[in-house]
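Below: data31.txt (compact mmCIF, C-alpha atoms)
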```
# COMPACT_ATOMS: atom_id res chain seq x y z
CA MET A 964 4.25 1.24 -10.64
CA LYS A 965 0.73 -0.11 -10.81
CA ALA A 966 -0.75 -2.07 -7.91
CA HIS A 967 -0.10 -5.48 -9.49
CA GLU A 968 3.55 -4.49 -9.98
CA LEU A 969 3.78 -3.43 -6.34
CA TYR A 970 2.47 -6.81 -5.20
CA THR A 971 5.00 -8.51 -7.48
CA ALA A 972 7.92 -6.45 -6.17
CA ALA A 973 6.94 -6.18 -2.49
CA ASP A 974 8.15 -8.49 0.24
CA PRO A 975 5.41 -11.13 0.64
CA ALA A 976 5.70 -10.64 4.42
CA LEU A 977 4.23 -7.14 3.98
CA VAL A 978 1.24 -8.57 2.12
CA THR A 979 0.80 -11.14 4.88
CA GLN A 980 0.94 -8.31 7.43
CA MET A 981 -1.75 -6.44 5.48
CA LEU A 982 -4.01 -9.49 5.19
CA ASP A 983 -3.54 -10.31 8.89
CA TRP A 984 -4.50 -6.73 9.73
CA PHE A 985 -7.72 -6.99 7.72
CA ARG A 986 -8.59 -10.38 9.24
CA ASP A 987 -8.05 -8.97 12.75
CA HIS A 988 -9.55 -5.48 12.35
CA ASP A 989 -11.94 -5.44 9.39
CA ARG A 990 -12.98 -8.95 8.49
CA ASN A 991 -15.71 -7.67 6.15
CA VAL A 992 -13.11 -6.00 3.91
CA TYR A 993 -11.07 -9.21 3.91
CA LYS A 994 -14.08 -11.35 2.95
CA SER A 995 -15.22 -8.85 0.33
CA ALA A 996 -11.74 -8.71 -1.21
CA VAL A 997 -11.43 -12.50 -1.33
CA SER A 998 -14.92 -12.72 -2.84
CA THR A 999 -14.09 -10.14 -5.51
CA LEU A 1000 -10.80 -11.83 -6.34
CA ALA A 1001 -12.49 -15.25 -6.50
CA GLN A 1002 -15.20 -13.94 -8.84
CA SER A 1003 -12.56 -12.40 -11.09
CA ARG A 1004 -11.03 -15.87 -11.43
CA LYS A 1005 -14.47 -17.47 -11.89
CA LEU A 1006 -14.22 -19.31 -8.58
CA ARG A 1007 -16.67 -19.62 -5.74
CA LEU A 1008 -15.73 -17.93 -2.46
CA VAL A 1009 -16.14 -21.17 -0.52
CA PHE A 1010 -13.37 -22.75 -2.64
CA ILE A 1011 -10.91 -20.19 -1.28
CA GLN A 1012 -12.31 -20.13 2.26
CA LYS A 1013 -11.80 -23.89 2.65
CA LYS A 1014 -8.07 -23.56 2.03
CA PRO A 1015 -5.73 -23.30 5.03
CA LEU A 1016 -4.83 -19.69 5.82
CA ALA A 1017 -1.31 -19.93 4.35
CA GLU A 1018 -2.75 -21.25 1.07
CA GLN A 1019 -5.43 -18.52 1.07
CA TYR A 1020 -2.76 -15.85 1.45
CA ALA A 1021 -0.61 -17.40 -1.28
CA TRP A 1022 -3.60 -17.51 -3.63
CA ILE A 1023 -4.58 -13.92 -2.79
CA LEU A 1024 -1.04 -12.68 -3.44
CA LYS A 1025 -0.84 -14.61 -6.71
CA THR A 1026 -4.15 -13.10 -7.80
CA LEU A 1027 -3.21 -9.56 -6.72
CA ARG A 1028 -0.14 -9.85 -8.94
CA ASN A 1029 -2.41 -10.01 -12.01
CA ARG A 1030 -3.08 -6.82 -13.94
CA GLN A 1031 -6.83 -7.40 -13.77
CA SER A 1032 -6.64 -7.08 -9.97
CA ASP A 1033 -5.16 -3.55 -10.02
CA THR A 1034 -8.27 -1.81 -8.73
CA ILE A 1035 -8.96 -4.12 -5.79
CA GLY A 1036 -5.24 -4.33 -5.05
CA GLU A 1037 -4.84 -0.57 -4.90
CA HIS A 1038 -7.97 -0.21 -2.74
CA LEU A 1039 -6.67 -2.80 -0.28
CA LEU A 1040 -3.33 -1.02 0.04
CA GLN A 1041 -5.00 2.38 0.48
CA ALA A 1042 -7.44 1.06 3.09
CA TRP A 1043 -4.66 -0.67 5.02
CA PHE A 1044 -2.47 2.42 5.06
CA MET A 1045 -5.36 4.76 5.93
CA ALA A 1046 -6.71 2.61 8.77
CA GLY A 1047 -3.76 0.52 9.91
CA ASN A 1048 -0.77 2.84 9.51
CA GLN A 1049 -2.08 6.26 10.54
CA PRO A 1050 0.98 7.35 12.56
CA MET A 1051 3.25 6.89 9.53
CA LEU A 1052 0.87 8.74 7.21
CA ALA A 1053 0.45 11.62 9.67
CA LYS A 1054 4.20 11.93 10.11
CA PHE A 1055 4.74 12.00 6.34
CA CYS A 1056 2.07 14.67 5.87
CA ASN A 1057 3.48 16.75 8.75
CA VAL A 1058 7.02 16.74 7.40
CA MET A 1059 5.82 17.41 3.85
CA GLY A 1060 3.53 20.25 4.98
CA ILE A 1061 0.45 18.54 3.55
CA ALA A 1062 -2.80 19.41 5.36
CA HIS A 1063 -4.43 16.34 6.91
CA ASP A 1064 -7.01 15.32 9.48
CA GLY A 1065 -4.48 14.30 12.14
CA LYS A 1066 -4.61 10.68 11.05
CA GLY A 1067 -2.84 11.10 7.73
CA SER A 1068 -5.92 11.52 5.55
CA VAL A 1069 -5.23 14.47 3.26
CA THR A 1070 -7.68 17.35 3.51
CA GLY A 1071 -7.91 19.46 0.41
CA ASP A 1072 -5.87 19.01 -2.73
CA LEU A 1073 -2.64 17.11 -3.04
CA PRO A 1074 0.35 19.30 -3.90
CA ALA A 1075 1.12 19.84 -7.57
CA GLU A 1076 4.83 19.44 -6.81
CA ILE A 1077 6.69 17.68 -4.03
CA ASP A 1078 9.67 19.56 -2.64
CA ALA A 1079 12.75 17.31 -2.94
CA ALA A 1080 14.40 18.66 0.23
CA ARG A 1081 11.27 18.06 2.31
CA LEU A 1082 10.92 14.63 0.74
CA ASP A 1083 14.49 13.75 1.76
CA GLN A 1084 13.70 14.88 5.31
CA ALA A 1085 10.44 12.90 5.35
CA VAL A 1086 12.10 9.73 4.09
CA ASP A 1087 14.91 10.03 6.66
CA SER A 1088 12.34 10.49 9.41
CA LEU A 1089 10.06 7.66 8.30
CA VAL A 1090 12.85 5.15 7.68
CA GLY A 1091 14.24 5.94 11.13
CA GLU A 1092 10.94 5.13 12.82
CA PHE A 1093 9.17 2.55 10.62
CA ASP A 1094 10.07 -0.56 8.61
CA PRO A 1095 11.80 0.75 5.46
CA LYS A 1096 9.92 -1.77 3.28
CA LEU A 1097 6.63 -0.49 4.66
CA VAL A 1098 7.73 3.10 4.03
CA ALA A 1099 8.72 2.21 0.46
CA LEU A 1100 5.38 0.52 -0.20
CA TYR A 1101 3.49 3.50 1.22
CA LEU A 1102 5.44 5.99 -0.88
CA HIS A 1103 4.77 3.93 -4.02
CA VAL A 1104 1.04 3.87 -3.18
CA PHE A 1105 1.09 7.61 -2.44
CA ASN A 1106 2.76 8.18 -5.81
CA LEU A 1107 -0.25 6.47 -7.47
CA GLN A 1108 -2.48 9.31 -6.27
CA THR A 1109 -1.62 11.54 -9.22
CA ALA A 1110 -1.37 10.55 -12.86
CA GLY A 1111 2.23 9.72 -13.62
CA GLY A 1112 3.29 10.31 -10.01
CA TRP A 1113 5.45 13.17 -8.80
CA ASP A 1114 8.85 13.43 -10.49
CA SER A 1115 10.74 14.04 -7.25
CA LEU A 1116 9.08 11.10 -5.50
CA THR A 1117 9.52 8.79 -8.49
CA GLY A 1118 13.20 9.73 -8.59
CA LYS A 1119 13.63 9.22 -4.85
CA LEU A 1120 12.00 5.79 -4.99
CA ALA A 1121 14.33 4.74 -7.80
CA ALA A 1122 17.53 6.19 -6.31
CA ASP A 1123 17.34 5.58 -2.55
CA PRO A 1124 18.40 2.00 -1.68
CA ARG A 1125 16.53 2.25 1.66
CA LEU A 1126 13.29 2.34 -0.34
CA ALA A 1127 13.69 -1.05 -2.01
CA LEU A 1128 10.42 -2.97 -1.91
CA ALA A 1129 11.97 -6.37 -1.23
```

Rewrite the coordinates I just gave you, this time as structure tokens.
Amino acid sequence: MKAHELYTAADPALVTQMLDWFRDHDRNVYKSAVSTLAQSRKLRLVFIQKKPLAEQYAWILKTLRNRQSDTIGEHLLQAWFMAGNQPMLAKFCNVMGIAHDGKGSVTGDLPAEIDAARLDQAVDSLVGEFDPKLVALYLHVFNLQTAGGWDSLTGKLAADPRLALA
């Protein structure tokens, strides 16, 4: 799935959670993202900023669901997971045996193959500790990190009902 498809399929509450996190922890990223999205729609930033927060979020989500917003959408998801969900990323990397910096940021190359048995163990562990919808969204974003994704992860995302996005 591409980023715009993830935003279309994901629970809007997760997107709200992401936007709230950026507003609370990295307001510059939030403002930059809104500015970029506004420019892509040929709107002035102030037009979006004057809207009530709920309307801003609805407009942002609607815009992120457009194919032309794939790049900014993927960057937002990556930044949110890397900065706002480090314990989940670190746990995934630990179970999968992927070298990381202790915060879930991969050091070195990503694996060429993902072991299905380790993946099953990682999913069981993550779903037991974190919101399954958040886990599903993260795994979809992780699967974007290699062209075409990993076959075992793509299969797991399609087959495991706990990993439904909405």

List every protein, DNA or RNA residue that has at least one atom no more than 9 Å from (-6.0, -4.8, -4.0) in the file's coordinates, counting all atoms listed in the file, and write the result as a PyMOL selection string.
chain A and resi 966-967+970+996+1000+1027+1032-1041

Write out as a ChimeraX atom specification which residues come within 6 Å of stretch 1081-1098 of chain A when counting all atoms listed in the file, dropping same-chain ones fewer than 5 positions away.
/A:1055,1058-1059,1128

With C-alpha atoms retained, could you export that selection as a short mmCIF file (atom, residue, chain, number, x, y, z; two decimals), in the frame of the given file?
```
data_model
loop_
_atom_site.label_atom_id
_atom_site.label_comp_id
_atom_site.auth_asym_id
_atom_site.auth_seq_id
_atom_site.Cartn_x
_atom_site.Cartn_y
_atom_site.Cartn_z
CA PHE A 1055 4.74 12.00 6.34
CA VAL A 1058 7.02 16.74 7.40
CA MET A 1059 5.82 17.41 3.85
CA LEU A 1128 10.42 -2.97 -1.91
#
```

Rank nothing, just name the residue among A:Ala1042, A:Met964, A:Ile1061, A:Ala1127 nearest to A:Asn1106, using all atoms listed in the file.
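Answer, going by the shortest atom-to-atom distance: A:Met964.
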
Up to 10 Å from (-4.0, -1.2, 5.5) in the file's coordinates: name the residues, counting all atoms listed in the file, as a PDB file with C-alpha atoms, keeping the file's coordinate frame.
```
ATOM      1  CA  VAL A 978       1.240  -8.570   2.120  1.00  0.00           C
ATOM      2  CA  GLN A 980       0.940  -8.310   7.430  1.00  0.00           C
ATOM      3  CA  MET A 981      -1.750  -6.440   5.480  1.00  0.00           C
ATOM      4  CA  LEU A 982      -4.010  -9.490   5.190  1.00  0.00           C
ATOM      5  CA  ASP A 983      -3.540 -10.310   8.890  1.00  0.00           C
ATOM      6  CA  TRP A 984      -4.500  -6.730   9.730  1.00  0.00           C
ATOM      7  CA  PHE A 985      -7.720  -6.990   7.720  1.00  0.00           C
ATOM      8  CA  HIS A 988      -9.550  -5.480  12.350  1.00  0.00           C
ATOM      9  CA  ASP A 989     -11.940  -5.440   9.390  1.00  0.00           C
ATOM     10  CA  HIS A1038      -7.970  -0.210  -2.740  1.00  0.00           C
ATOM     11  CA  LEU A1039      -6.670  -2.800  -0.280  1.00  0.00           C
ATOM     12  CA  LEU A1040      -3.330  -1.020   0.040  1.00  0.00           C
ATOM     13  CA  GLN A1041      -5.000   2.380   0.480  1.00  0.00           C
ATOM     14  CA  ALA A1042      -7.440   1.060   3.090  1.00  0.00           C
ATOM     15  CA  TRP A1043      -4.660  -0.670   5.020  1.00  0.00           C
ATOM     16  CA  PHE A1044      -2.470   2.420   5.060  1.00  0.00           C
ATOM     17  CA  MET A1045      -5.360   4.760   5.930  1.00  0.00           C
ATOM     18  CA  ALA A1046      -6.710   2.610   8.770  1.00  0.00           C
ATOM     19  CA  GLY A1047      -3.760   0.520   9.910  1.00  0.00           C
ATOM     20  CA  ASN A1048      -0.770   2.840   9.510  1.00  0.00           C
ATOM     21  CA  GLN A1049      -2.080   6.260  10.540  1.00  0.00           C
ATOM     22  CA  TYR A1101       3.490   3.500   1.220  1.00  0.00           C
TER      23      TYR A1101
END
```

Padded axis-aligned box of stretch 970-982 of chain A (8 Å per side), centre and edge lengths, Å, one decimal, as JSON:
```
{"center_x": 2.1, "center_y": -8.7, "center_z": 0.0, "size_x": 28.2, "size_y": 21.0, "size_z": 30.9}
```

Quick one: distance from atom CA of A:Thr971 to atom CA of A:Arg1028 in Å, one decimal?
5.5 Å

Could you jot down the atom CA of A:Leu1100 to atom CA of A:Leu1126 separation for me, Å, one decimal place?
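Taking atom CA of A:Leu1100 as the start and atom CA of A:Leu1126 as the end point, the length is 8.1 Å.
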
Interatomic distance (Å, one decimal) between atom CA of A:Trp1113 and atom CA of A:Leu1024
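Distance reported for this atom pair: 27.2 Å.
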
Select, from A:Ala1129, A:Ala1017, A:Ala1079, A:Leu1073, the residue with the minimum atom-to-atom distance to A:Ala1110, counting only C-alpha atoms.
A:Leu1073

Find the residues near A:Ser998: any atom within 12 Å, counting all atoms listed in the file, skip ones fewer than 3 places away on the same chain, and give them as a ChimeraX atom specification.
/A:991-995,1001-1012,1019,1023,1026,1035

So that I have them on file, write out the residues from the current selection with C-alpha atoms, as a CSV table (one decimal), keeping the file's coordinate frame.
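Final output, saved to result39.csv:
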```
chain,number,residue,atom,x,y,z
A,991,ASN,CA,-15.7,-7.7,6.2
A,992,VAL,CA,-13.1,-6.0,3.9
A,993,TYR,CA,-11.1,-9.2,3.9
A,994,LYS,CA,-14.1,-11.4,3.0
A,995,SER,CA,-15.2,-8.8,0.3
A,1001,ALA,CA,-12.5,-15.2,-6.5
A,1002,GLN,CA,-15.2,-13.9,-8.8
A,1003,SER,CA,-12.6,-12.4,-11.1
A,1004,ARG,CA,-11.0,-15.9,-11.4
A,1005,LYS,CA,-14.5,-17.5,-11.9
A,1006,LEU,CA,-14.2,-19.3,-8.6
A,1007,ARG,CA,-16.7,-19.6,-5.7
A,1008,LEU,CA,-15.7,-17.9,-2.5
A,1009,VAL,CA,-16.1,-21.2,-0.5
A,1010,PHE,CA,-13.4,-22.8,-2.6
A,1011,ILE,CA,-10.9,-20.2,-1.3
A,1012,GLN,CA,-12.3,-20.1,2.3
A,1019,GLN,CA,-5.4,-18.5,1.1
A,1023,ILE,CA,-4.6,-13.9,-2.8
A,1026,THR,CA,-4.2,-13.1,-7.8
A,1035,ILE,CA,-9.0,-4.1,-5.8
```

Distance criterion (all atoms listed in the file): nearest to A:Gly1065 out of A:Lys1119, A:Asn1029, A:Asp1114, A:Pro1050:
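For A:Gly1065, the nearest of the candidates is A:Pro1050.
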
Can stretch 969-1001 of chain A be brought up to N, CA and C atoms and written out as a PDB file, in the coordinates of the input?
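Output contents, as saved in out-v4.pdb:
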```
ATOM      1  N   LEU A 969       3.369  -3.579  -7.740  1.00  0.00           N
ATOM      2  CA  LEU A 969       3.780  -3.430  -6.340  1.00  0.00           C
ATOM      3  C   LEU A 969       3.692  -4.766  -5.616  1.00  0.00           C
ATOM      4  N   TYR A 970       2.610  -5.507  -5.842  1.00  0.00           N
ATOM      5  CA  TYR A 970       2.470  -6.810  -5.200  1.00  0.00           C
ATOM      6  C   TYR A 970       3.540  -7.783  -5.694  1.00  0.00           C
ATOM      7  N   THR A 971       3.949  -7.649  -6.941  1.00  0.00           N
ATOM      8  CA  THR A 971       5.000  -8.510  -7.480  1.00  0.00           C
ATOM      9  C   THR A 971       6.347  -8.176  -6.860  1.00  0.00           C
ATOM     10  N   ALA A 972       6.618  -6.892  -6.668  1.00  0.00           N
ATOM     11  CA  ALA A 972       7.920  -6.450  -6.170  1.00  0.00           C
ATOM     12  C   ALA A 972       8.030  -6.464  -4.646  1.00  0.00           C
ATOM     13  N   ALA A 973       6.918  -6.322  -3.955  1.00  0.00           N
ATOM     14  CA  ALA A 973       6.940  -6.180  -2.490  1.00  0.00           C
ATOM     15  C   ALA A 973       7.312  -7.484  -1.802  1.00  0.00           C
ATOM     16  N   ASP A 974       7.858  -7.346  -0.621  1.00  0.00           N
ATOM     17  CA  ASP A 974       8.150  -8.490   0.240  1.00  0.00           C
ATOM     18  C   ASP A 974       6.815  -9.153   0.593  1.00  0.00           C
ATOM     19  N   PRO A 975       6.669 -10.451   0.314  1.00  0.00           N
ATOM     20  CA  PRO A 975       5.410 -11.130   0.640  1.00  0.00           C
ATOM     21  C   PRO A 975       5.025 -11.007   2.123  1.00  0.00           C
ATOM     22  N   ALA A 976       5.999 -10.813   2.991  1.00  0.00           N
ATOM     23  CA  ALA A 976       5.700 -10.640   4.420  1.00  0.00           C
ATOM     24  C   ALA A 976       4.856  -9.396   4.660  1.00  0.00           C
ATOM     25  N   LEU A 977       5.052  -8.354   3.845  1.00  0.00           N
ATOM     26  CA  LEU A 977       4.230  -7.140   3.980  1.00  0.00           C
ATOM     27  C   LEU A 977       2.783  -7.431   3.590  1.00  0.00           C
ATOM     28  N   VAL A 978       2.597  -8.221   2.544  1.00  0.00           N
ATOM     29  CA  VAL A 978       1.240  -8.570   2.120  1.00  0.00           C
ATOM     30  C   VAL A 978       0.576  -9.419   3.197  1.00  0.00           C
ATOM     31  N   THR A 979       1.327 -10.337   3.781  1.00  0.00           N
ATOM     32  CA  THR A 979       0.800 -11.140   4.880  1.00  0.00           C
ATOM     33  C   THR A 979       0.408 -10.243   6.049  1.00  0.00           C
ATOM     34  N   GLN A 980       1.247  -9.267   6.351  1.00  0.00           N
ATOM     35  CA  GLN A 980       0.940  -8.310   7.430  1.00  0.00           C
ATOM     36  C   GLN A 980      -0.360  -7.563   7.119  1.00  0.00           C
ATOM     37  N   MET A 981      -0.535  -7.147   5.876  1.00  0.00           N
ATOM     38  CA  MET A 981      -1.750  -6.440   5.480  1.00  0.00           C
ATOM     39  C   MET A 981      -2.975  -7.352   5.623  1.00  0.00           C
ATOM     40  N   LEU A 982      -2.874  -8.572   5.121  1.00  0.00           N
ATOM     41  CA  LEU A 982      -4.010  -9.490   5.190  1.00  0.00           C
ATOM     42  C   LEU A 982      -4.336  -9.849   6.635  1.00  0.00           C
ATOM     43  N   ASP A 983      -3.309 -10.060   7.457  1.00  0.00           N
ATOM     44  CA  ASP A 983      -3.540 -10.310   8.890  1.00  0.00           C
ATOM     45  C   ASP A 983      -4.276  -9.131   9.525  1.00  0.00           C
ATOM     46  N   TRP A 984      -3.863  -7.908   9.165  1.00  0.00           N
ATOM     47  CA  TRP A 984      -4.500  -6.730   9.730  1.00  0.00           C
ATOM     48  C   TRP A 984      -5.988  -6.713   9.380  1.00  0.00           C
ATOM     49  N   PHE A 985      -6.316  -6.983   8.122  1.00  0.00           N
ATOM     50  CA  PHE A 985      -7.720  -6.990   7.720  1.00  0.00           C
ATOM     51  C   PHE A 985      -8.490  -8.103   8.427  1.00  0.00           C
ATOM     52  N   ARG A 986      -7.905  -9.279   8.560  1.00  0.00           N
ATOM     53  CA  ARG A 986      -8.590 -10.380   9.240  1.00  0.00           C
ATOM     54  C   ARG A 986      -8.849 -10.030  10.710  1.00  0.00           C
ATOM     55  N   ASP A 987      -7.915  -9.314  11.330  1.00  0.00           N
ATOM     56  CA  ASP A 987      -8.050  -8.970  12.750  1.00  0.00           C
ATOM     57  C   ASP A 987      -8.915  -7.736  13.004  1.00  0.00           C
ATOM     58  N   HIS A 988      -8.908  -6.772  12.086  1.00  0.00           N
ATOM     59  CA  HIS A 988      -9.550  -5.480  12.350  1.00  0.00           C
ATOM     60  C   HIS A 988     -10.748  -5.159  11.464  1.00  0.00           C
ATOM     61  N   ASP A 989     -10.820  -5.742  10.302  1.00  0.00           N
ATOM     62  CA  ASP A 989     -11.940  -5.440   9.390  1.00  0.00           C
ATOM     63  C   ASP A 989     -12.205  -6.661   8.517  1.00  0.00           C
ATOM     64  N   ARG A 990     -12.762  -7.664   9.159  1.00  0.00           N
ATOM     65  CA  ARG A 990     -12.980  -8.950   8.490  1.00  0.00           C
ATOM     66  C   ARG A 990     -13.897  -8.812   7.266  1.00  0.00           C
ATOM     67  N   ASN A 991     -14.817  -7.852   7.297  1.00  0.00           N
ATOM     68  CA  ASN A 991     -15.710  -7.670   6.150  1.00  0.00           C
ATOM     69  C   ASN A 991     -14.935  -7.254   4.900  1.00  0.00           C
ATOM     70  N   VAL A 992     -13.937  -6.400   5.058  1.00  0.00           N
ATOM     71  CA  VAL A 992     -13.110  -6.000   3.910  1.00  0.00           C
ATOM     72  C   VAL A 992     -12.343  -7.210   3.397  1.00  0.00           C
ATOM     73  N   TYR A 993     -11.807  -8.008   4.312  1.00  0.00           N
ATOM     74  CA  TYR A 993     -11.070  -9.210   3.910  1.00  0.00           C
ATOM     75  C   TYR A 993     -11.976 -10.144   3.100  1.00  0.00           C
ATOM     76  N   LYS A 994     -13.154 -10.433   3.638  1.00  0.00           N
ATOM     77  CA  LYS A 994     -14.080 -11.350   2.950  1.00  0.00           C
ATOM     78  C   LYS A 994     -14.531 -10.777   1.611  1.00  0.00           C
ATOM     79  N   SER A 995     -14.797  -9.491   1.573  1.00  0.00           N
ATOM     80  CA  SER A 995     -15.220  -8.850   0.330  1.00  0.00           C
ATOM     81  C   SER A 995     -14.105  -8.904  -0.716  1.00  0.00           C
ATOM     82  N   ALA A 996     -12.877  -8.662  -0.283  1.00  0.00           N
ATOM     83  CA  ALA A 996     -11.740  -8.710  -1.210  1.00  0.00           C
ATOM     84  C   ALA A 996     -11.545 -10.114  -1.757  1.00  0.00           C
ATOM     85  N   VAL A 997     -11.594 -11.108  -0.881  1.00  0.00           N
ATOM     86  CA  VAL A 997     -11.430 -12.500  -1.330  1.00  0.00           C
ATOM     87  C   VAL A 997     -12.559 -12.870  -2.281  1.00  0.00           C
ATOM     88  N   SER A 998     -13.773 -12.445  -1.967  1.00  0.00           N
ATOM     89  CA  SER A 998     -14.920 -12.720  -2.840  1.00  0.00           C
ATOM     90  C   SER A 998     -14.733 -12.094  -4.214  1.00  0.00           C
ATOM     91  N   THR A 999     -14.314 -10.838  -4.243  1.00  0.00           N
ATOM     92  CA  THR A 999     -14.090 -10.140  -5.510  1.00  0.00           C
ATOM     93  C   THR A 999     -12.996 -10.809  -6.321  1.00  0.00           C
ATOM     94  N   LEU A1000     -11.911 -11.169  -5.647  1.00  0.00           N
ATOM     95  CA  LEU A1000     -10.800 -11.830  -6.340  1.00  0.00           C
ATOM     96  C   LEU A1000     -11.234 -13.204  -6.861  1.00  0.00           C
ATOM     97  N   ALA A1001     -12.012 -13.930  -6.061  1.00  0.00           N
ATOM     98  CA  ALA A1001     -12.490 -15.250  -6.500  1.00  0.00           C
ATOM     99  C   ALA A1001     -13.389 -15.111  -7.721  1.00  0.00           C
TER     100      ALA A1001
END
```
